[in-house]
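K.L.:
Structure file protein_6.csv (CSV, C-alpha atoms) is given on the next line.
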```csv
chain,number,residue,atom,x,y,z
S,17,MET,CA,24.5,-16.6,-9.0
S,18,LYS,CA,21.5,-17.9,-11.0
S,19,VAL,CA,21.3,-19.9,-14.2
S,20,GLU,CA,18.2,-19.9,-16.4
S,21,LEU,CA,18.0,-22.1,-19.5
S,22,ILE,CA,16.8,-20.4,-22.6
S,23,GLU,CA,17.4,-22.9,-25.3
S,24,LEU,CA,18.9,-26.4,-25.3
S,25,ARG,CA,19.8,-28.5,-28.4
S,26,GLU,CA,22.2,-31.3,-28.8
S,27,ASP,CA,24.9,-29.0,-30.2
S,28,ARG,CA,23.9,-25.7,-28.8
S,29,ILE,CA,22.9,-24.2,-25.4
S,30,ARG,CA,21.7,-20.7,-24.5
S,31,PHE,CA,21.3,-19.7,-20.9
S,32,LEU,CA,21.0,-16.6,-18.8
S,33,LEU,CA,23.6,-16.1,-16.1
S,34,THR,CA,22.6,-13.6,-13.4
S,35,GLY,CA,24.6,-12.3,-10.4
S,36,ALA,CA,28.0,-12.9,-12.1
S,37,THR,CA,30.8,-10.7,-13.3
S,38,ALA,CA,31.8,-10.3,-16.9
S,39,ALA,CA,35.1,-12.0,-16.1
S,40,PHE,CA,33.3,-15.1,-14.9
S,41,ALA,CA,31.1,-15.2,-18.0
S,42,ASN,CA,34.2,-14.8,-20.2
S,43,GLY,CA,35.9,-17.5,-18.2
S,44,ILE,CA,33.1,-20.0,-19.0
S,45,ARG,CA,33.3,-19.0,-22.7
S,46,ARG,CA,37.1,-19.4,-22.8
S,47,ALA,CA,37.1,-22.7,-21.0
S,48,CYS,CA,34.4,-24.1,-23.4
S,49,MET,CA,36.7,-23.2,-26.3
S,50,SER,CA,40.1,-24.1,-25.1
S,51,GLU,CA,40.0,-26.2,-21.9
S,52,VAL,CA,37.5,-29.0,-22.6
S,53,PRO,CA,39.4,-32.0,-24.1
S,54,THR,CA,38.3,-34.0,-27.1
S,55,LEU,CA,39.6,-36.5,-29.6
S,56,ALA,CA,41.1,-35.6,-33.0
S,57,ILE,CA,43.4,-37.3,-35.5
S,58,ASP,CA,46.9,-36.4,-34.5
S,59,GLU,CA,49.3,-38.2,-36.8
S,60,ILE,CA,48.9,-40.2,-40.0
S,61,ARG,CA,51.0,-42.6,-42.0
S,62,LEU,CA,50.4,-42.5,-45.7
S,63,TYR,CA,50.9,-45.8,-47.6
S,64,ASP,CA,49.4,-44.7,-50.8
S,65,ASN,CA,47.8,-41.6,-52.2
S,66,THR,CA,47.2,-41.4,-55.9
S,67,SER,CA,44.3,-38.9,-55.5
S,68,VAL,CA,44.4,-35.4,-56.9
S,69,LEU,CA,45.0,-33.9,-53.4
S,70,PHE,CA,48.5,-33.5,-51.9
S,71,ASP,CA,49.3,-35.6,-48.9
S,72,GLU,CA,49.3,-32.6,-46.6
S,73,GLN,CA,45.8,-31.6,-47.7
S,74,ILE,CA,44.5,-35.1,-46.9
S,75,SER,CA,46.2,-35.0,-43.5
S,76,LEU,CA,44.7,-31.6,-42.7
S,77,ARG,CA,41.2,-32.7,-43.7
S,78,LEU,CA,41.5,-35.9,-41.6
S,79,GLY,CA,42.7,-33.9,-38.6
S,80,LEU,CA,39.7,-31.5,-38.7
S,81,ILE,CA,37.0,-34.3,-38.6
S,82,PRO,CA,35.2,-34.1,-35.2
S,83,LEU,CA,35.3,-37.4,-33.3
S,84,THR,CA,33.0,-38.7,-30.5
S,85,ALA,CA,33.8,-41.3,-27.9
S,86,GLU,CA,31.3,-43.3,-25.8
S,87,ASP,CA,33.5,-42.8,-22.8
S,88,LEU,CA,36.2,-40.2,-23.3
S,89,ASP,CA,37.5,-40.6,-19.7
S,90,VAL,CA,39.2,-43.9,-20.6
S,91,TYR,CA,41.7,-41.9,-22.6
S,92,SER,CA,44.2,-39.6,-21.1
S,93,SER,CA,46.2,-36.9,-22.9
S,94,PRO,CA,49.7,-38.0,-24.0
S,95,GLU,CA,51.3,-35.5,-21.5
S,96,ASP,CA,49.4,-37.1,-18.5
S,97,CYS,CA,49.7,-40.7,-19.7
S,98,ILE,CA,51.7,-43.3,-17.8
S,99,CYS,CA,53.7,-43.9,-21.1
S,100,GLU,CA,54.9,-40.2,-20.8
S,101,GLY,CA,53.9,-39.4,-24.4
S,102,ALA,CA,55.6,-42.4,-26.0
S,103,GLY,CA,52.2,-43.7,-27.2
S,104,CYS,CA,50.1,-46.5,-25.8
S,105,PRO,CA,46.4,-47.7,-26.0
S,106,GLY,CA,45.7,-45.4,-23.0
S,107,CYS,CA,46.3,-42.2,-24.9
S,108,ARG,CA,45.9,-43.3,-28.6
S,109,VAL,CA,43.1,-44.6,-30.8
S,110,ASP,CA,44.4,-46.1,-34.0
S,111,PHE,CA,42.4,-45.8,-37.2
S,112,ILE,CA,42.7,-47.0,-40.8
S,113,LEU,CA,41.3,-45.6,-44.0
S,114,THR,CA,41.4,-47.5,-47.3
S,115,ALA,CA,39.6,-46.5,-50.4
S,116,GLU,CA,39.8,-47.1,-54.1
S,117,GLY,CA,38.1,-45.1,-56.9
S,118,PRO,CA,35.9,-44.3,-58.4
S,119,LYS,CA,34.2,-43.0,-55.2
S,120,MET,CA,34.0,-40.2,-52.8
S,121,VAL,CA,35.8,-40.7,-49.6
S,122,TYR,CA,33.7,-39.6,-46.6
S,123,SER,CA,34.4,-39.2,-42.9
S,124,GLN,CA,32.6,-42.5,-42.1
S,125,ASP,CA,35.2,-44.4,-44.1
S,126,VAL,CA,37.7,-43.7,-41.2
S,127,VAL,CA,37.5,-46.9,-39.0
S,128,PHE,CA,38.8,-46.8,-35.5
S,129,THR,CA,40.1,-49.8,-33.5
S,130,ASP,CA,37.9,-48.8,-30.5
S,131,PRO,CA,34.3,-49.3,-31.6
S,132,GLY,CA,33.3,-46.6,-29.1
S,133,VAL,CA,35.1,-44.0,-31.1
S,134,LYS,CA,33.3,-42.7,-34.2
S,135,VAL,CA,33.2,-39.6,-36.4
S,136,ALA,CA,30.7,-37.1,-35.1
S,137,PHE,CA,29.2,-36.5,-38.5
S,138,GLU,CA,29.1,-39.0,-41.3
S,139,GLY,CA,29.2,-37.6,-44.8
S,140,ILE,CA,32.0,-35.1,-44.4
S,141,PRO,CA,33.7,-35.3,-47.8
S,142,VAL,CA,37.5,-35.9,-47.7
S,143,VAL,CA,38.5,-36.5,-51.3
S,144,VAL,CA,37.0,-37.6,-54.6
S,145,LEU,CA,38.9,-40.6,-56.1
S,146,GLY,CA,38.8,-41.2,-59.8
S,147,GLU,CA,39.1,-44.5,-61.6
S,148,GLY,CA,42.0,-46.5,-60.3
S,149,GLU,CA,43.0,-43.9,-57.7
S,150,LYS,CA,43.9,-45.2,-54.2
S,151,LEU,CA,44.1,-43.8,-50.7
S,152,VAL,CA,45.6,-45.9,-47.9
S,153,VAL,CA,46.1,-44.2,-44.6
S,154,GLU,CA,46.5,-45.2,-41.0
S,155,GLY,CA,47.3,-43.3,-37.9
S,156,TYR,CA,46.0,-42.4,-34.5
S,157,ALA,CA,43.9,-39.9,-32.7
S,158,THR,CA,44.8,-38.3,-29.3
S,159,LYS,CA,42.9,-36.4,-26.6
S,160,ARG,CA,43.9,-32.8,-26.1
S,161,THR,CA,42.4,-29.4,-25.6
S,162,GLY,CA,41.7,-26.5,-27.9
S,163,SER,CA,44.8,-24.7,-26.5
S,164,ALA,CA,47.0,-27.2,-28.4
S,165,HIS,CA,45.3,-26.8,-31.8
S,166,SER,CA,41.8,-25.8,-32.9
S,167,LYS,CA,41.1,-29.3,-34.1
S,168,TRP,CA,40.8,-30.3,-30.5
S,169,GLN,CA,38.4,-27.4,-29.8
S,170,SER,CA,35.0,-28.9,-28.8
S,171,GLY,CA,33.3,-25.5,-28.2
S,172,THR,CA,33.3,-23.7,-31.6
S,173,THR,CA,31.0,-20.8,-31.4
S,174,CYS,CA,30.9,-19.5,-27.9
S,175,GLY,CA,29.9,-16.0,-26.9
S,176,TYR,CA,28.1,-13.8,-24.4
S,177,LYS,CA,26.4,-10.5,-24.2
S,178,ASN,CA,24.9,-8.4,-21.4
S,179,LEU,CA,21.2,-8.8,-20.9
S,180,PRO,CA,19.6,-5.6,-22.3
S,181,ARG,CA,17.1,-3.5,-20.3
S,182,ILE,CA,14.7,-1.5,-22.5
S,183,ASP,CA,12.7,1.2,-20.8
S,184,ILE,CA,9.9,3.0,-22.8
S,185,GLY,CA,8.9,6.3,-21.4
S,186,ASP,CA,6.6,8.9,-23.0
S,187,CYS,CA,5.8,7.1,-26.2
S,188,GLN,CA,4.1,9.2,-29.0
S,189,LYS,CA,3.0,6.0,-30.8
S,190,CYS,CA,4.8,6.9,-34.1
S,191,GLY,CA,6.1,3.3,-34.5
S,192,LYS,CA,9.4,4.3,-36.0
S,193,CYS,CA,11.4,2.3,-33.5
S,194,VAL,CA,9.5,-0.8,-34.4
S,195,LYS,CA,10.3,-0.4,-38.1
S,196,VAL,CA,14.0,0.3,-37.5
S,197,CYS,CA,14.7,-2.6,-35.2
S,198,PRO,CA,16.6,-5.3,-37.2
S,199,ARG,CA,15.8,-8.1,-34.7
S,200,ASP,CA,12.0,-7.4,-34.1
S,201,VAL,CA,12.5,-6.8,-30.4
S,202,LEU,CA,9.8,-4.1,-30.3
S,203,ALA,CA,6.1,-4.3,-31.4
S,204,LEU,CA,3.0,-2.2,-31.2
S,205,ASP,CA,0.3,-3.4,-28.9
S,206,GLU,CA,-3.5,-2.9,-29.3
S,207,GLY,CA,-3.3,0.7,-28.1
S,208,ASP,CA,-0.4,1.4,-30.6
S,209,ARG,CA,2.0,1.7,-27.7
S,210,VAL,CA,5.5,0.2,-28.1
S,211,ARG,CA,6.3,-2.8,-26.0
S,212,VAL,CA,9.2,-5.2,-25.8
S,213,VAL,CA,8.3,-8.6,-27.2
S,214,ASN,CA,11.6,-10.3,-27.7
S,215,LEU,CA,14.1,-8.9,-25.2
S,216,LEU,CA,16.7,-11.7,-25.6
S,217,ALA,CA,17.1,-11.0,-29.3
S,218,CYS,CA,18.2,-7.4,-28.6
S,219,SER,CA,21.9,-6.9,-29.6
S,220,LEU,CA,22.0,-3.4,-28.0
S,221,CYS,CA,22.6,-1.7,-31.3
S,222,LYS,CA,20.5,1.3,-30.0
S,223,LEU,CA,19.1,2.1,-33.5
S,224,CYS,CA,15.7,2.6,-31.7
S,225,ILE,CA,17.2,5.3,-29.5
S,226,ASP,CA,18.5,7.2,-32.5
S,227,GLU,CA,15.2,6.9,-34.4
S,228,CYS,CA,13.0,8.1,-31.6
S,229,ASP,CA,12.4,11.9,-31.9
S,230,TYR,CA,11.1,12.1,-28.4
S,231,GLN,CA,13.9,10.3,-26.5
S,232,ALA,CA,11.3,8.0,-25.1
S,233,ILE,CA,13.4,4.8,-25.3
S,234,THR,CA,16.5,3.9,-23.2
S,235,VAL,CA,18.5,0.7,-23.8
S,236,THR,CA,21.1,-0.2,-21.1
S,237,PRO,CA,23.0,-3.3,-20.5
S,238,VAL,CA,22.3,-5.0,-17.1
S,239,PRO,CA,25.9,-5.2,-15.7
S,240,ASP,CA,25.5,-8.5,-13.8
S,241,SER,CA,23.3,-10.5,-16.3
S,242,PHE,CA,24.7,-12.3,-19.3
S,243,VAL,CA,23.2,-14.3,-22.1
S,244,LEU,CA,25.7,-17.1,-23.0
S,245,THR,CA,25.5,-19.0,-26.3
S,246,ILE,CA,27.7,-22.1,-26.5
S,247,GLU,CA,27.8,-24.2,-29.6
S,248,GLY,CA,29.9,-27.4,-29.9
S,249,ASP,CA,31.5,-29.1,-32.9
S,250,GLY,CA,29.3,-32.3,-32.4
S,251,SER,CA,32.0,-34.2,-30.5
S,252,ILE,CA,30.3,-33.6,-27.2
S,253,LYS,CA,26.8,-32.5,-26.1
S,254,ALA,CA,26.6,-28.7,-25.6
S,255,LYS,CA,25.2,-29.3,-22.0
S,256,ASP,CA,28.2,-31.5,-21.1
S,257,LEU,CA,30.5,-29.0,-22.7
S,258,VAL,CA,29.4,-26.3,-20.3
S,259,VAL,CA,29.5,-28.7,-17.3
S,260,LYS,CA,33.1,-29.8,-18.2
S,261,ALA,CA,34.2,-26.1,-18.7
S,262,ALA,CA,32.8,-25.2,-15.3
S,263,GLU,CA,34.6,-28.2,-13.7
S,264,GLU,CA,37.8,-27.1,-15.3
S,265,ILE,CA,37.4,-23.6,-13.8
S,266,ARG,CA,36.7,-25.1,-10.4
S,267,HIS,CA,39.7,-27.4,-10.7
S,268,ARG,CA,42.0,-24.5,-11.5
S,269,ALA,CA,40.6,-22.4,-8.7
S,270,GLU,CA,41.2,-25.3,-6.3
S,271,MET,CA,44.7,-25.6,-7.5
S,272,ILE,CA,45.4,-21.9,-6.8
S,273,GLY,CA,43.8,-22.4,-3.3
S,274,GLU,CA,46.1,-25.4,-2.6
S,275,LYS,CA,49.2,-23.5,-3.8
S,276,MET,CA,48.3,-20.5,-1.6
S,277,ALA,CA,47.7,-22.8,1.4
S,278,ASP,CA,51.2,-24.2,0.9
S,279,LEU,CA,52.8,-20.8,1.0
S,280,SER,CA,51.3,-19.7,4.3
I,11,MET,CA,65.8,-42.6,-59.2
I,12,ALA,CA,63.0,-43.8,-61.4
I,13,TYR,CA,60.9,-41.5,-63.6
I,14,ARG,CA,58.0,-42.1,-65.8
I,15,CYS,CA,57.6,-40.7,-69.3
I,16,THR,CA,54.3,-38.8,-69.6
I,17,ARG,CA,53.9,-39.8,-73.3
I,18,CYS,CA,54.9,-43.5,-73.5
I,19,LYS,CA,54.3,-44.2,-69.8
I,20,ARG,CA,57.4,-46.3,-69.5
I,21,THR,CA,59.7,-46.2,-66.5
I,22,VAL,CA,63.0,-44.5,-67.5
I,23,GLU,CA,66.3,-44.0,-65.8
I,24,VAL,CA,67.7,-40.5,-66.2
I,25,ASP,CA,71.2,-40.3,-67.6
I,26,TYR,CA,72.9,-37.5,-65.6
I,27,GLU,CA,76.0,-37.6,-67.9
I,28,TYR,CA,73.8,-36.4,-70.8
I,29,SER,CA,72.9,-32.7,-70.6
I,30,GLY,CA,69.1,-32.5,-70.7
I,31,ILE,CA,66.3,-34.7,-69.8
I,32,ARG,CA,64.8,-37.0,-72.5
I,33,CYS,CA,63.0,-40.3,-72.6
I,34,PRO,CA,65.3,-42.9,-74.3
I,35,TYR,CA,62.4,-44.7,-75.9
I,36,CYS,CA,60.3,-42.0,-77.4
I,37,GLY,CA,62.3,-38.9,-77.0
I,38,HIS,CA,59.7,-37.0,-75.0
I,39,ARG,CA,61.1,-34.4,-72.7
I,40,ILE,CA,58.5,-34.4,-69.9
I,41,LEU,CA,59.2,-37.0,-67.2
I,42,MET,CA,57.3,-37.5,-63.9
I,43,LYS,CA,58.9,-38.4,-60.7
I,44,GLU,CA,57.4,-41.6,-59.2
I,45,ARG,CA,56.0,-41.6,-55.7
I,46,PRO,CA,58.5,-43.3,-53.3
I,47,THR,CA,57.4,-46.7,-51.9
I,48,THR,CA,58.3,-45.6,-48.3
I,49,VAL,CA,55.6,-44.8,-45.8
I,50,LYS,CA,55.1,-41.1,-45.3
I,51,LYS,CA,54.5,-40.0,-41.7
I,52,MET,CA,53.1,-36.6,-40.9
I,53,LYS,CA,51.2,-34.6,-38.4
I,54,ALA,CA,47.5,-34.1,-39.2
I,55,VAL,CA,47.6,-30.3,-39.3
```
Could the structure of this file be written out as structure tokens, please?
P.N.:
Amino acid sequence: MKVELIELREDRIRFLLTGATAAFANGIRRACMSEVPTLAIDEIRLYDNTSVLFDEQISLRLGLIPLTAEDLDVYSSPEDCICEGAGCPGCRVDFILTAEGPKMVYSQDVVFTDPGVKVAFEGIPVVVLGEGEKLVVEGYATKRTGSAHSKWQSGTTCGYKNLPRIDIGDCQKCGKCVKVCPRDVLALDEGDRVRVVNLLACSLCKLCIDECDYQAITVTPVPDSFVLTIEGDGSIKAKDLVVKAAEEIRHRAEMIGEKMADLS
Amino acid sequence: MAYRCTRCKRTVEVDYEYSGIRCPYCGHRILMKERPTTVKKMKAV
């Protein structure tokens, strides 16, 4: 198996995976979405809410704010904690939010007791408070995975496609395929011959095949090569997200191995 | 249970013996239920 980096940003990673099965690529994608733990506001206690929004809407909006932690490993999920889910500083981060109008309440107004825990993006609007309106909330965040609820999902847009293989045979230089391609994968070179300029952009729509009157183009998916695009919600770096997803797959595979060894 | 008259803004007690809801001070018939002073606990979903 070979991994080749295509694009790396703080919140997004794109890489080429060769020599793997579709099941493995899909395993990585699914682990990024539902098995990498992150923090999210779990429960709230409302002391006052005279804003125009219902209490339930406020609680939903707070729950969906992505949170980052300097060291996420110091927290354990409530199920695995020594307190057995009763709630302790090892599995909970308390927060408080107080605001009085007129003002707009933003995500950065949520203050956590652990200074290492912050909102991933400042400036997410929560509610507009009018003159004399108040919002007093406290509560706690917990660490869970996306399989519990999508608010704990650190990988948001995760997908893969097969790497395309484009073969150009007896080209008659009409240029129709270049015009029809919606992603500018093909271009005409100096001798008006069609050549592939941006292979990774190809979505295998095969419009070029239909457009070519001479059946000179073939587009086929390479069965063991995949282009994976993983985008996070900002709570964790995209690179770390993939690493943690891979660790999770390995951990599960090892668990199966141990169980099987016990049987024999 | 305390209610608040939407016209005169006064806190009023509703007389359940009397059929119909009406503010005893101004006679307005639209009353608002006040938010309870207890802490409301809920899941953030």
K.L.:
Set out as JSON lines a contact list for region 96-137 of chain S and region 65-88 of chain S with a cut-off of 9 Å, giving each residue of region 96-137 of chain S that qualifies its closest atom pair and distance in Å to one decimal, counting all atoms listed in the file, ordered by chain and rising residue number.
P.N.:
```
{"residue": "S:Gly117", "atom": "CA", "partner": "S:Ser67", "partner_atom": "CA", "distance": 8.9}
{"residue": "S:Ser123", "atom": "CA", "partner": "S:Ile81", "partner_atom": "CA", "distance": 7.0}
{"residue": "S:Val126", "atom": "CA", "partner": "S:Leu78", "partner_atom": "CA", "distance": 8.7}
{"residue": "S:Asp130", "atom": "CA", "partner": "S:Ala85", "partner_atom": "CA", "distance": 8.9}
{"residue": "S:Pro131", "atom": "CA", "partner": "S:Ala85", "partner_atom": "CA", "distance": 8.8}
{"residue": "S:Gly132", "atom": "CA", "partner": "S:Glu86", "partner_atom": "CA", "distance": 5.1}
{"residue": "S:Val133", "atom": "CA", "partner": "S:Ala85", "partner_atom": "CA", "distance": 4.4}
{"residue": "S:Lys134", "atom": "CA", "partner": "S:Thr84", "partner_atom": "CA", "distance": 5.5}
{"residue": "S:Val135", "atom": "CA", "partner": "S:Leu83", "partner_atom": "CA", "distance": 4.3}
{"residue": "S:Ala136", "atom": "CA", "partner": "S:Leu83", "partner_atom": "CA", "distance": 4.9}
{"residue": "S:Phe137", "atom": "CA", "partner": "S:Pro82", "partner_atom": "CA", "distance": 7.3}
```
K.L.:
Could you work out how far CA of Phe31 (chain S) lies from CA of Leu216 (chain S), giving the answer in Å with one decimal?
P.N.:
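So the answer is 10.4 Å.
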K.L.:
Using CA of Leu257 (chain S) and CA of Gly106 (chain S) as the two end points, give the distance in Å to one decimal.
P.N.:
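Computing it gives 22.4 Å between the two atoms.
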K.L.:
List the residues sitting within 12 Å of (20.7, -22.5, -27.9) in the file's frame, using all atoms listed in the file, as an NGL selection string.
P.N.:
:S and (21-32 or 173-176 or 216 or 243-248 or 253-255)
K.L.:
Quick check, in Å to one decimal: how far apart do CA of Asp208 (chain S) and CA of Gly191 (chain S) lie?
P.N.:
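Pair CA of Asp208 (chain S) / CA of Gly191 (chain S) returns 7.8 Å.
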K.L.:
Of the residues I:Met42, I:Ala54, I:Thr48, I:Ala12, which is the one nearest to Asp25 (chain I), using all atoms listed in the file?
P.N.:
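Closest to Asp25 (chain I), using all atoms listed in the file: I:Ala12.
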K.L.:
List the neighbours of Leu41 (chain I) out to 7 Å using only C-alpha atoms; skip same-chain residues closer than 4 positions along the sequence, and give me the result as a ChimeraX atom specification.
P.N.:
/I:13-16
K.L.:
I need the contact residues of chain I against chain S, so if you could list those with any atom within 9 Å, counting only C-alpha atoms, and return them as an MDAnalysis selection string, that would help.
P.N.:
chainID I and resid 45 47:55
K.L.:
Could you give me, as a list in words, the residues within 12 Å of Ile40 (chain I), counting only C-alpha atoms and dropping anything in the same chain fewer than 4 positions from it?
P.N.:
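Using only C-alpha atoms, the neighbours found are Tyr13, Arg14, Cys15, Thr16, Arg17, Cys18, Lys19, Arg20, Val22, Val24, Gly30, Ile31, Arg32, Cys33, Pro34 and Cys36 of chain I.
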K.L.:
Please return as a list of chain:residue names every residue within 6 Å of (38.6, -30.8, -24.8), taking into account only C-alpha atoms and the file's own coordinates.
P.N.:
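Here is the list of nearby residues: S:Glu51, S:Val52, S:Pro53, S:Thr54, S:Arg160, S:Thr161, S:Ser170.
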K.L.:
Using all atoms listed in the file, which residues sit within 8 Å of region 192-201 of chain S once same-chain residues fewer than 2 positions away are excluded, as a ChimeraX atom specification?
P.N.:
/S:190,203-204,210,212-215,217-218,223-225,227-228
K.L.:
Using only C-alpha atoms for the distances, tell me which of S:Leu179, S:Ile44, S:Leu279, S:Ile184 is nearest to Lys260 (chain S).
P.N.:
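Smallest distance to Lys260 (chain S) is found for S:Ile44.
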K.L.:
Quick test: take region 12-30 of chain I, keep N, CA, C and O atoms, and write it as a PDB file, in the first residue's frame.
P.N.:
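Output contents, as saved in part39.pdb:
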```
ATOM      1  N   ALA I  12     -48.523  32.488  38.563  1.00  0.00           N
ATOM      2  CA  ALA I  12     -48.546  33.917  38.238  1.00  0.00           C
ATOM      3  C   ALA I  12     -48.582  34.128  36.728  1.00  0.00           C
ATOM      4  O   ALA I  12     -47.888  33.446  35.987  1.00  0.00           O
ATOM      5  N   TYR I  13     -49.435  35.080  36.329  1.00  0.00           N
ATOM      6  CA  TYR I  13     -49.483  35.466  34.917  1.00  0.00           C
ATOM      7  C   TYR I  13     -49.200  36.957  34.834  1.00  0.00           C
ATOM      8  O   TYR I  13     -49.212  37.664  35.841  1.00  0.00           O
ATOM      9  N   ARG I  14     -48.955  37.441  33.610  1.00  0.00           N
ATOM     10  CA  ARG I  14     -48.698  38.862  33.452  1.00  0.00           C
ATOM     11  C   ARG I  14     -49.615  39.390  32.357  1.00  0.00           C
ATOM     12  O   ARG I  14     -49.718  38.780  31.279  1.00  0.00           O
ATOM     13  N   CYS I  15     -50.284  40.468  32.680  1.00  0.00           N
ATOM     14  CA  CYS I  15     -51.189  41.074  31.710  1.00  0.00           C
ATOM     15  C   CYS I  15     -50.371  41.739  30.610  1.00  0.00           C
ATOM     16  O   CYS I  15     -49.418  42.472  30.898  1.00  0.00           O
ATOM     17  N   THR I  16     -50.718  41.483  29.343  1.00  0.00           N
ATOM     18  CA  THR I  16     -49.917  42.054  28.242  1.00  0.00           C
ATOM     19  C   THR I  16     -50.213  43.544  28.044  1.00  0.00           C
ATOM     20  O   THR I  16     -49.448  44.230  27.392  1.00  0.00           O
ATOM     21  N   ARG I  17     -51.312  44.051  28.606  1.00  0.00           N
ATOM     22  CA  ARG I  17     -51.610  45.472  28.426  1.00  0.00           C
ATOM     23  C   ARG I  17     -51.059  46.319  29.579  1.00  0.00           C
ATOM     24  O   ARG I  17     -50.272  47.218  29.373  1.00  0.00           O
ATOM     25  N   CYS I  18     -51.454  45.974  30.838  1.00  0.00           N
ATOM     26  CA  CYS I  18     -51.004  46.804  31.957  1.00  0.00           C
ATOM     27  C   CYS I  18     -49.729  46.289  32.610  1.00  0.00           C
ATOM     28  O   CYS I  18     -49.198  46.935  33.514  1.00  0.00           O
ATOM     29  N   LYS I  19     -49.207  45.135  32.117  1.00  0.00           N
ATOM     30  CA  LYS I  19     -47.926  44.549  32.557  1.00  0.00           C
ATOM     31  C   LYS I  19     -47.901  44.163  34.033  1.00  0.00           C
ATOM     32  O   LYS I  19     -46.839  43.946  34.597  1.00  0.00           O
ATOM     33  N   ARG I  20     -49.079  44.111  34.661  1.00  0.00           N
ATOM     34  CA  ARG I  20     -49.097  43.774  36.086  1.00  0.00           C
ATOM     35  C   ARG I  20     -49.203  42.257  36.275  1.00  0.00           C
ATOM     36  O   ARG I  20     -49.768  41.562  35.433  1.00  0.00           O
ATOM     37  N   THR I  21     -48.645  41.790  37.385  1.00  0.00           N
ATOM     38  CA  THR I  21     -48.734  40.370  37.700  1.00  0.00           C
ATOM     39  C   THR I  21     -50.129  40.094  38.256  1.00  0.00           C
ATOM     40  O   THR I  21     -50.580  40.795  39.171  1.00  0.00           O
ATOM     41  N   VAL I  22     -50.772  39.113  37.697  1.00  0.00           N
ATOM     42  CA  VAL I  22     -52.150  38.823  38.130  1.00  0.00           C
ATOM     43  C   VAL I  22     -52.291  37.348  38.497  1.00  0.00           C
ATOM     44  O   VAL I  22     -51.598  36.500  37.961  1.00  0.00           O
ATOM     45  N   GLU I  23     -53.175  37.099  39.420  1.00  0.00           N
ATOM     46  CA  GLU I  23     -53.515  35.721  39.777  1.00  0.00           C
ATOM     47  C   GLU I  23     -54.810  35.378  39.045  1.00  0.00           C
ATOM     48  O   GLU I  23     -55.747  36.182  39.025  1.00  0.00           O
ATOM     49  N   VAL I  24     -54.860  34.203  38.463  1.00  0.00           N
ATOM     50  CA  VAL I  24     -56.063  33.832  37.712  1.00  0.00           C
ATOM     51  C   VAL I  24     -57.070  33.187  38.676  1.00  0.00           C
ATOM     52  O   VAL I  24     -56.717  32.318  39.462  1.00  0.00           O
ATOM     53  N   ASP I  25     -58.271  33.682  38.623  1.00  0.00           N
ATOM     54  CA  ASP I  25     -59.342  33.145  39.454  1.00  0.00           C
ATOM     55  C   ASP I  25     -60.022  32.028  38.684  1.00  0.00           C
ATOM     56  O   ASP I  25     -60.749  32.269  37.716  1.00  0.00           O
ATOM     57  N   TYR I  26     -59.744  30.807  39.097  1.00  0.00           N
ATOM     58  CA  TYR I  26     -60.278  29.660  38.360  1.00  0.00           C
ATOM     59  C   TYR I  26     -61.771  29.445  38.622  1.00  0.00           C
ATOM     60  O   TYR I  26     -62.434  28.703  37.913  1.00  0.00           O
ATOM     61  N   GLU I  27     -62.303  30.078  39.665  1.00  0.00           N
ATOM     62  CA  GLU I  27     -63.735  29.976  39.970  1.00  0.00           C
ATOM     63  C   GLU I  27     -64.559  30.713  38.897  1.00  0.00           C
ATOM     64  O   GLU I  27     -65.636  30.297  38.524  1.00  0.00           O
ATOM     65  N   TYR I  28     -63.953  31.792  38.427  1.00  0.00           N
ATOM     66  CA  TYR I  28     -64.622  32.620  37.432  1.00  0.00           C
ATOM     67  C   TYR I  28     -64.397  32.010  36.045  1.00  0.00           C
ATOM     68  O   TYR I  28     -63.277  31.645  35.689  1.00  0.00           O
ATOM     69  N   SER I  29     -65.465  31.863  35.286  1.00  0.00           N
ATOM     70  CA  SER I  29     -65.296  31.262  33.963  1.00  0.00           C
ATOM     71  C   SER I  29     -64.744  32.326  33.009  1.00  0.00           C
ATOM     72  O   SER I  29     -65.349  33.376  32.830  1.00  0.00           O
ATOM     73  N   GLY I  30     -63.602  32.080  32.468  1.00  0.00           N
ATOM     74  CA  GLY I  30     -62.960  33.044  31.567  1.00  0.00           C
ATOM     75  C   GLY I  30     -61.748  33.650  32.214  1.00  0.00           C
ATOM     76  O   GLY I  30     -61.618  33.678  33.434  1.00  0.00           O
TER      77      GLY I  30
END
```
